[in-house]
Each structure stands twice: as C-alpha cells, then as structure tokens.
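Q: Sharing a structure here in structure tokens format.
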Amino acid sequence: MQSLSPDGEMVAVFADYAQVKDAIQPYAQQVAIAAINGADTMVISGEHEAVGDAIAILSAAGVETKRLNVSRAFHSPLMESILAEFEQVARDITYSSPQIKVISNLTGEVATDEIATPDYWCRHIRQPVRFAAGMETINRDGYQLFLECGPKPTLLGMGRRCLPESAGHWLPSLRQGYLDWQQMLQSCAMLYLTGIPIDWSGFHRDYAHCRLQLPTYPFQRSRFWFERIADQPSQEKPEACQRWQTVVAASTDQAQTGPFDLELHTYQAKLESYDSLTTAYVLTALQNLGIYRQAGERHSVETLLAQFNILPTYRKLLSKWLERLVTEGILKQNEQVFVNQKSLPKAGVDSCLCQARELSANAPQLINLIQRCGENLADVLIGKVKPLELIFPGGSSEITNYLYQQSPEARYFNSIARSVIEAIVKSQPQAKSLRILEVGAGTGGTTSSLLPILPKERTSYWFTDVSNLFLERAKQKFKSYPFVRYSLLDIEQNPETQGYPLHSFDVIVAVNVLHATRNIEQTLENVRSLLVPDGLLQIIEVTNPPSWLDITFGLTEGWQGFEDGRGNNPLLSQAQWESVLGDCGFERVLSLPSSGSPTEILGQHVLIAQSERLTQDATDSDRTETLPQPEPAVREVEESSRRDRLVAATPDNLQQSWEYRLHDQVASILGISLSELNIDTSLTHLGFDSLMAVELTNWMTKELGVNIPVVSFPAGANITQLTNQVRETLANTATSKLPECQPYPCLIPLQPQGSQPPFFCIHPIAGVVFPYYELTSLLGDDQPVYGLQSFSLAGEGKPLTRIEDMAAHYIKAIRTVQPQRPYILGGWSFGAYVAFEIAQQLQQNGQTVALLAVIDTPRLSGNKTANVMMLSKTFITVSLRYIGPYVYDYFYLAKAANSSKKASKNGGWAMKRVSAVMKSPAVANVVLQESKFIQLQQPILRHLLPVFWANSKALVNYVPKVYPGKITLFQSSKPWVASPPDKGWGWQDLVPSSPIEVV
C-alpha cells in the first residue's frame, strides 16, 4: 500500500447513502463510498480532483463535509493496482477460524470461516467498511458493553450514533487530554460496576504492596467555619438550633463526596462543547427563519418578533441569543439594534455535535435532548412545535428521569438533599411527626432519593405539582410508600386559598422549580407561609446556567414568564439566592457546594434556609389536620363496565370503540372517573394542561394511528370537538384501521402494575400464557407479572425452531419493560428451558438474574429418542388436561371479544373459568389484542399447531450449557410427570457452582 501514489483523499460526509451515491455517480471510476458509519455518516475516498468535485456538489446541497487526515485513499478505486500483489502475499499467510465471535466489517454480520481466506482480505481492501451494519448486529444480539482499545474513543462516538440512546455502557481505554492511567482505571471501575469479574491479583501483579493498619476508632472531624447568618433571632428554641447545626454538619460533609463517574476534570471541556453546539443551533434557527441572510441587516428584538412571526413569549430569550452572538463577534449591537456585517456563518452543527458526543460519551441522553430541541428550534419559535413534545418525546420521561435522578450530577445533589432530610429525621423527637411538602415535584427524581429514608409511621410527605399528570404518574411510581399524599399546588398563588393551612410543614423541598415563577419574592413569601417557625426550606437550583439550557428547558413557558426584573435570565446566582432568601424572612442560609469547592463547576447549588420565628409563636400543638385530602381512587368502580365496552368492539361499532377508548384515556390522564368526564366541557376547564396534551397526542399516535400535534388542538376544545377532529383525520387517512400490535406481541401484561421488579413467565410448549393467570393472582397486586407467549402465535412470522433464538427475541421484548437488571425469570414445562436460556444469555451480556424459577419441571435426558417419547406421552396424557382448557378459553375469549351477546350459562367448565378470568384487568389487554388479530382475519388456530411442533423440535434439539448462576426449583406435591430420583430433578449438573434451591 505504501507504494501507491498519495494523490488521493478521504472525506467524511454527513448525508444519507442515497444522496452520497448520487453525488459520486459521475465519478464512479475515481471515487467510491469507503465506509458507512451511520444512517447519515458516510466516508468517500478516491482521486483528489474527483473527490473535490463530488464535495462541491454536496456542499451546494447544504451537506457538511470534513476531510480526513489519512495517507492514502483506502477502499477506493486507487487500491485496484495493488490487489494482485496483495493477494500473492495474503496466500502465504496461514489462517485460523476465530475462536470468539467476530463482526465482519465487510458484511456487517457475524464473520464466518470466510474470514480465514485470502479472498476475504482482498475484498476488504476495495469494498466499503459497513460499520453501522456491524453495530446493528451487535445490538440485535443483545450486547450492552462496549470497550474501545485505541488512543482515543473515535469508534465509541460513531457506535453510539448507530444505536438507541439507552443502549449499553461505552468505555474508552485511552482518551486524548486525559492521563492514560486515570482513564484506564476509570473504565476498569465501570467494568467492575457492571458486573464484569476483575482479576485483582493480576491487576496488582506489577506493584509491591504492604498492609497498613487502620485506626479501630471512627474518624472524627471538626468544622471551624462561620456559617452565613442573617439577622440573628432574639429568641430561638434550643432544639431548632441543634437541628440546624446537625443539618449543616451532615450536608457539608456529604457535599465533599461525589459519585465516581462525576468526572469533574472533564467538565470544562464539556461545557465548551455545549457552548459551541448551542451557538450552532441558534445560528441554524435564525438562518431557517430567513434572519440575517444578507449583510447589513438591522433588527431589534421587536422587529424580529413582528417580521418573522416569532412568539412574543420568546422576547427575552431572543434578546439573550442576540447578545450571545454579539459576544461571539457575529453581530454588532447599537443600543437596541443588532446588525450583521456579513451573512451569518455556516453553523457547523454536525462537527459540533460529534465533538459534544465524544466528550459526553457517558451522557448520550443529554446530547440527544440538545439535538432534538436544536433541530426543531425554528419551529418552536414560531409555534409549530411545542417544546414539551421535545422534552417528553412520545410522552416519555426518560430524559427528565436521567437529568433529575440518574445522571452523576443529579445523584450528587440529591445525595446532599438526602443528607439534610436524614439529619432532620435524626434530630426529630420520636413522638413528633414530620411533615414534608415537595413543591413542583414533577417526575419525582429527588423524591426517589428522599422517601426510602423516612420513617413511615411518623412521616407525612406531600407530593405536589401544578399538573395532575405528574400526580397520577407519581401514584404509580411511589405506591409502596403509604405515607405519601398527592395534591395540586400552584406555589405562585396563595396556598391558603388552595386548602393548605398556614405554618403546617416542618420542611419544604423545591428542586429546580422556584425560578420558573413570575415573581420570586412573592413565591418565597408563599413558601414561608407554609413553614412552621424555624422550619427548613431546601431548594436545588441552577446558579451558573450552561448555555444548552437556553435551547431546551429555556423554551418552556415557565422559564419565560418571569416579571420581576431578572433581566433576560430567570435563573439566580448563588449570591442572589442568598440575598433574596434573607430579604424574604429566612434567618439562616447555607449554600452547598461551598465557594472554592471542585464541584462548584457544576453550576448548581443546594440551598438550605431556616424560616424566622413568628411574633406570636405557633406551637406544634397549634397545627391542625385540615390539609387538602387527596382524590379517592374512584375509577375502580367503573373499570369492569369500561372494559366490557372495549372488548365488545366489532367492525360495525369500531368507531364507537375508539371513541370510548379516547374518552377513557382523557379521564385516565386527568385522574378522574369516566362518569365525571363531561364531553362538552372544555379540556382547559377540566384542568387539562400542556403536559397532558403531549401525553394524549402521543397516545393517539400510538394507539389510534392519528397524528394530531398539540399545536393543532382546537382552541378551547372539548372532547366532542377533539373526537370529531380524530374522526376527520381517520377519514382522510388511507391507513385508517385498527392500531397495529405492539412491537413485541409476544409480551402479554398479565398484571403490569406494581413497584417490584417484574416477573417474566415463559410459555409452556403450546405457546400460550394462560396457565400463569392463577399464579399472578397469588403473587399480589404489587408484583408486576408478564407472560411471554410463543413468537408467531400472533401471526408475526414463522415459529422459531431454536430455543437460543427464542431467548434472544424474548430478551428484546423484556427490555421494552425493564431495560436494566436485575431480572426475575420463570417457566413451567417447555418454558423452564427457555427461561434457562434467557438467563444464560443475560448473564453472558453482564446482566444480573436475581431469580431463575424452574416451575415443576424435570430436566430432559441427553437421549433424543427418549425425549421424543416423553414429549409424545406428555402431549397425549398431560397436555390435553392442562393445556386444552386454556386453549378452549383462548378461543372463547377471542369470540367474546367480537360479540356483544351475553355468554351462555351452559358453557361447562371452561365457561365458568372464562367468567372468572374475564374479571382480571390484565385479560382485557389480551382480549383486546385478540380482537385485533381476529379483525385482521388471523385465527389463532392457524398458529397453535405449528407453534407446538416448532417448540417440540426446539426442545428435542436443545443442548443446555453450564449456567454460572443459581436455579430455584419449585416442586408441586403432585408432579405432572414422573420426577427423577435426585432432589434437583437433574438440574444440578447445569449449575455446579451452587446447590439447587428446592421450594
């Protein structure tokens, strides 16, 4: 290759395959696509002049490109001249087939023995690298841990862009700008945290160590700093002073400890990359709106609003952006007028985005949020897109859960908040109840950190928000905490008029919410009015805002509604918070992290403030129990009749069915019963807010196949008007039909509610999951249970004939419900073997299996003939007894789903069973799904027998491997087949590392 002429180059092109292919078509003899690194990331390679011409075509179409620093034009026609000589050398090499799975860059699939041939490597020189296809193969096979061996994590950044944002852990071995040893230690630590065993003896092999004797007594530290104290109260209860000191000591100590993955040394570089990316998106938005396209344009904020139809809501934000461009030297400012000396520069979004992703490899959720909002920035400004649809895509809280609960920054600040509450609990007299109010609790990110440490017998925790949607979600998320109450509260309004008595709470928590009010001083007065004398307020606020907030959360209405002279920014600095808290009657204020702390770069602070004592003390005995009472769970009464209407849908009354479903969903989002829902009352009057609108539109898209953006809702719409709009959309859409099945029809929610990790039960040999319904009822309401029925039973494809393939498919379905460990799996009969293989594959991918339950099933012998005989005997003597009734139920349920007639009372055993099963909420989902299958004219009978034979074939041919985990064997008192003589029923040989637990 070194003999080749260097007259060639390689260029990265940020466009899709078809566009790049068209651009290089005139130069096919000189230029080729050298790599397919993503859906919109290609590399072209070839002769210098021809590549330049192709790039000119792409640039004219607005495509961004980047020349690569390479010595030759690899994977291009320029390689042709050396192929013959290379093949001769390649034939002198001795090859061996790989001993581990290798992904071929030539095919994007798992490499075959072809990789050990000279021809393969000759083709590799000339053909494109299919990197994106290889990443898709890896993801399809369930791998979740990615470690790059190289000088910098270039491939990690490319790989992340090929997979879903929640996929896996991405670890570099080395990274430019970081100490080699530090980076390798950090990746090693993350490997350990994900469950990978580390050879610690080998790790320490090259270093001499000696044992050190540590003190046997606790480390003791004293603090000698003066805390900021506002006007010292003249009279203070000793217990209040002691509590304050305890809180200060605990929180200050906690603030000095951060999560291992906080990576403070990388933070400055990340902030700079976010700044560049934010500027690029702002420039792109202005260009898309036609602003500053010509040199010398003069605009004030007001003229921009009027001329380009920008919403007045964004007046302050637009002013802030223009000032930012002045600072960047892109615009000039003359009083209120902003002028460009030349047309706005090319934004370079793609290169900025790549840099941000590389620096924030462990935080793809944040980068994806910035990208999604940035790409829609112009449409948000003119009202075509609602910002909440971007922050909660598809109604999902994944992004906000990450930012407020799961990210290293959130865990750091929430740990400080937790230490404050822990200190209060410890200093609280045992006989005294603790009342905590959380304002604007939202998705409950901080709530999740606080609830586990509170004594349930003497705590009342009020979860409040302005949106009922958050309250309804929180009721499910925190249902295992009986001391939590849920209620609406607008902290900008007088709390007393909303049913909250004055001076009723010991502690108030507010996380990233108080700044989003019109008048911060009035808001703090309302907060203080709810606190008891000497009560504590704990807030977490951004005090040094990063630029990316301006194009994400800064787009929301709450961030733009301030009217109290805060300039163009609703966020206050640390000093401003301390000042305004003192002005509003809080005697003591503590800010963490303290000034000069390394974590100060994070730009957030926890502020703890103590309210002043009242002139006329309100004692603890003065507090009453007249707090607002939460709404009772009234919807359960109507659940049965509502479900009856849904499952009775036929083609003739299909419209009526989806109307019922629409009305039911609106009631569910509002948290009211269907009888309370007046279809002629405006949604706004019913309390329907913008978050609820996002939830509803996403539900309509998913369940009804109707895409009605929030901005298209009729003004002041009621449910009747909305129903008419859906009907018109369906009538005008060629695809108006029943919604398609979920992405994984094999996943059946038997009992989807509950706070515990879900239990996944795998189907027996007939493929159905009805045998698990009775088990579901015995496990209780707090245990979610999902059944996995056979692939193809719903008509989604041909039956799978290998247990390994079934397990891989079911793992993907399981992860739609539970993306991360620990997993609880179980199965009866054939399902025990599939559950065993699922556990095996999960363990191989670094996931934890907390329970593998083999239910009343002995292990088959290694003799295929004996196994076939046993299967035949089982089918004849046992399956008809155990599976037949369920199959009969299956047919009956499907029939009932398309019949409004009352079932016959003379249905025999199965009819009585159906009557009982139909009362389960879980069955409604299954029946509704069955009605879809029947509507599509796919009778279940067509699939049952092929599924049975495919499962039988899979079981006979399955060779289980030794499992590194543990098996729990549940044995019945009356075994359904002859059981082996040994206690473990033959399973012990597969788990030699731990004894079988028999229950």
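Residues are named by chain letter and number: chains run A, B, ... in the order of the structure tokens, numbers start at 1 in each chain, and ligands are numbered from 1 in the order shown.
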Write out as a ChimeraX atom specification the set of residues from range 222-357 of chain A that DSSP, computed on the backbone, places in alpha helix (DSSP H).
A: /A:238-255,267-288,301-307,315-327,349-357
Q: Compile a residue-level contact table for range 503-594 of chain A against range 465-473 of chain A at a cut-off of 12 Å, reporting for every qualifying residue the shortest atom pair and its distance in Å to one decimal, with only C-alpha atoms counted, rows ordered by chain and ascending number, as JSON lines.
A:
```
{"residue": "A:Val509", "atom": "CA", "partner": "A:Asp465", "partner_atom": "CA", "distance": 12.0}
{"residue": "A:Ala510", "atom": "CA", "partner": "A:Asp465", "partner_atom": "CA", "distance": 10.5}
{"residue": "A:Val511", "atom": "CA", "partner": "A:Asp465", "partner_atom": "CA", "distance": 11.6}
{"residue": "A:Val513", "atom": "CA", "partner": "A:Asp465", "partner_atom": "CA", "distance": 9.9}
{"residue": "A:Leu514", "atom": "CA", "partner": "A:Asp465", "partner_atom": "CA", "distance": 11.9}
{"residue": "A:Thr517", "atom": "CA", "partner": "A:Val466", "partner_atom": "CA", "distance": 11.9}
{"residue": "A:Gly558", "atom": "CA", "partner": "A:Val466", "partner_atom": "CA", "distance": 11.3}
```
Q: My list of candidates is A:Tyr773, A:Trp559, A:Tyr404, A:Phe760. Which is closest to Gly787 in chain A when distances are computed with only C-alpha atoms?
A: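 The shortest atom-to-atom distance to Gly787 in chain A comes from A:Phe760.
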Q: Please identify all polymer residues within 9 Å of Arg315 in chain A, counting only C-alpha atoms, omitting same-chain residues fewer than 4 positions from it, and present them as a list in words.
A: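 Everything that qualifies: Val301, Glu302, Leu305, Ile310, Leu311, Ser319, Lys320, Gln560 and Asn568 of chain A.
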Q: Can you write just those residues out, all heavy atoms, as a tab-separated table (two decimals), in the first residue's frame?
A:
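New file result_29.tsv:
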```
chain	number	residue	atom	x	y	z
A	301	VAL	N	-35.21	43.31	18.72
A	301	VAL	CA	-35.99	42.15	19.13
A	301	VAL	C	-37.43	42.31	18.68
A	301	VAL	O	-38.06	41.36	18.19
A	301	VAL	CB	-35.90	41.97	20.66
A	301	VAL	CG1	-36.86	40.88	21.13
A	301	VAL	CG2	-34.48	41.63	21.08
A	302	GLU	N	-37.98	43.52	18.80
A	302	GLU	CA	-39.38	43.74	18.46
A	302	GLU	C	-39.63	43.57	16.97
A	302	GLU	O	-40.65	43.02	16.55
A	302	GLU	CB	-39.82	45.14	18.92
A	302	GLU	CG	-39.75	45.36	20.42
A	302	GLU	CD	-40.60	44.35	21.17
A	302	GLU	OE1	-41.69	43.97	20.67
A	302	GLU	OE2	-40.18	43.92	22.27
A	305	LEU	N	-39.69	39.87	16.15
A	305	LEU	CA	-40.94	39.23	16.55
A	305	LEU	C	-42.03	39.50	15.52
A	305	LEU	O	-42.78	38.59	15.13
A	305	LEU	CB	-41.38	39.75	17.93
A	305	LEU	CG	-40.49	39.41	19.13
A	305	LEU	CD1	-41.04	40.08	20.39
A	305	LEU	CD2	-40.40	37.91	19.34
A	310	ILE	N	-42.34	35.37	15.26
A	310	ILE	CA	-41.83	34.69	16.44
A	310	ILE	C	-42.77	34.98	17.61
A	310	ILE	O	-43.24	36.11	17.79
A	310	ILE	CB	-40.39	35.15	16.77
A	310	ILE	CG1	-39.46	34.78	15.60
A	310	ILE	CG2	-39.89	34.52	18.07
A	310	ILE	CD1	-38.05	35.31	15.75
A	311	LEU	N	-43.06	33.99	18.41
A	311	LEU	CA	-43.99	34.15	19.54
A	311	LEU	C	-43.45	35.17	20.54
A	311	LEU	O	-42.27	35.12	20.90
A	311	LEU	CB	-44.21	32.81	20.24
A	311	LEU	CG	-44.82	31.68	19.39
A	311	LEU	CD1	-44.94	30.41	20.23
A	311	LEU	CD2	-46.18	32.08	18.86
A	319	SER	N	-33.61	38.04	22.89
A	319	SER	CA	-32.66	39.09	23.24
A	319	SER	C	-31.37	38.50	23.79
A	319	SER	O	-30.26	38.94	23.47
A	319	SER	CB	-33.29	40.03	24.28
A	319	SER	OG	-32.36	41.01	24.70
A	320	LYS	N	-31.51	37.45	24.60
A	320	LYS	CA	-30.33	36.79	25.17
A	320	LYS	C	-29.49	36.15	24.07
A	320	LYS	O	-28.25	36.19	24.10
A	320	LYS	CB	-30.78	35.74	26.19
A	320	LYS	CG	-29.66	35.10	26.97
A	320	LYS	CD	-30.22	34.14	28.01
A	320	LYS	CE	-29.10	33.51	28.82
A	320	LYS	NZ	-29.62	32.54	29.82
A	560	GLN	N	-40.07	31.46	30.78
A	560	GLN	CA	-40.15	32.75	30.11
A	560	GLN	C	-41.20	33.67	30.72
A	560	GLN	O	-41.47	34.75	30.19
A	560	GLN	CB	-40.47	32.53	28.62
A	560	GLN	CG	-39.42	31.73	27.88
A	560	GLN	CD	-38.04	32.34	27.97
A	560	GLN	OE1	-37.88	33.56	27.87
A	560	GLN	NE2	-37.03	31.51	28.18
A	568	ASN	N	-32.83	39.06	31.33
A	568	ASN	CA	-33.19	38.07	30.31
A	568	ASN	C	-33.06	36.64	30.80
A	568	ASN	O	-33.23	35.71	30.03
A	568	ASN	CB	-32.28	38.25	29.07
A	568	ASN	CG	-32.54	39.58	28.37
A	568	ASN	OD1	-33.66	40.09	28.40
A	568	ASN	ND2	-31.50	40.13	27.75
```
Q: Name all residues at most 12 Å from Leu286 in chain A (count only C-alpha atoms; drop same-chain ones fewer than 6 positions away) and give them as a PyMOL selection string.
A: chain A and resi 279-280+292-293+304+308+310+318+321-322+325+343-347+374-382
Q: Using only C-alpha atoms, which residues sit within 6 Å of Gly986 in chain A once same-chain residues fewer than 2 positions away are excluded, as an mmCIF file with C-alpha atoms, in the first residue's frame?
A:
```cif
data_model
loop_
_atom_site.group_PDB
_atom_site.id
_atom_site.type_symbol
_atom_site.label_atom_id
_atom_site.label_comp_id
_atom_site.auth_asym_id
_atom_site.auth_seq_id
_atom_site.Cartn_x
_atom_site.Cartn_y
_atom_site.Cartn_z
ATOM 1 C CA ARG A 859 -34.624 -31.756 33.140
ATOM 2 C CA GLY A 984 -32.651 -31.354 41.954
ATOM 3 C CA GLN A 988 -27.848 -29.716 39.426
#
```
Q: Env of Gln99 in chain A: 12 Å cut, atoms = only C-alpha atoms, seq-sep filter 2 positions within chain, self excluded. Answer as a PyMOL selection string.
A: chain A and resi 96-97+101-102+111-113+115-116
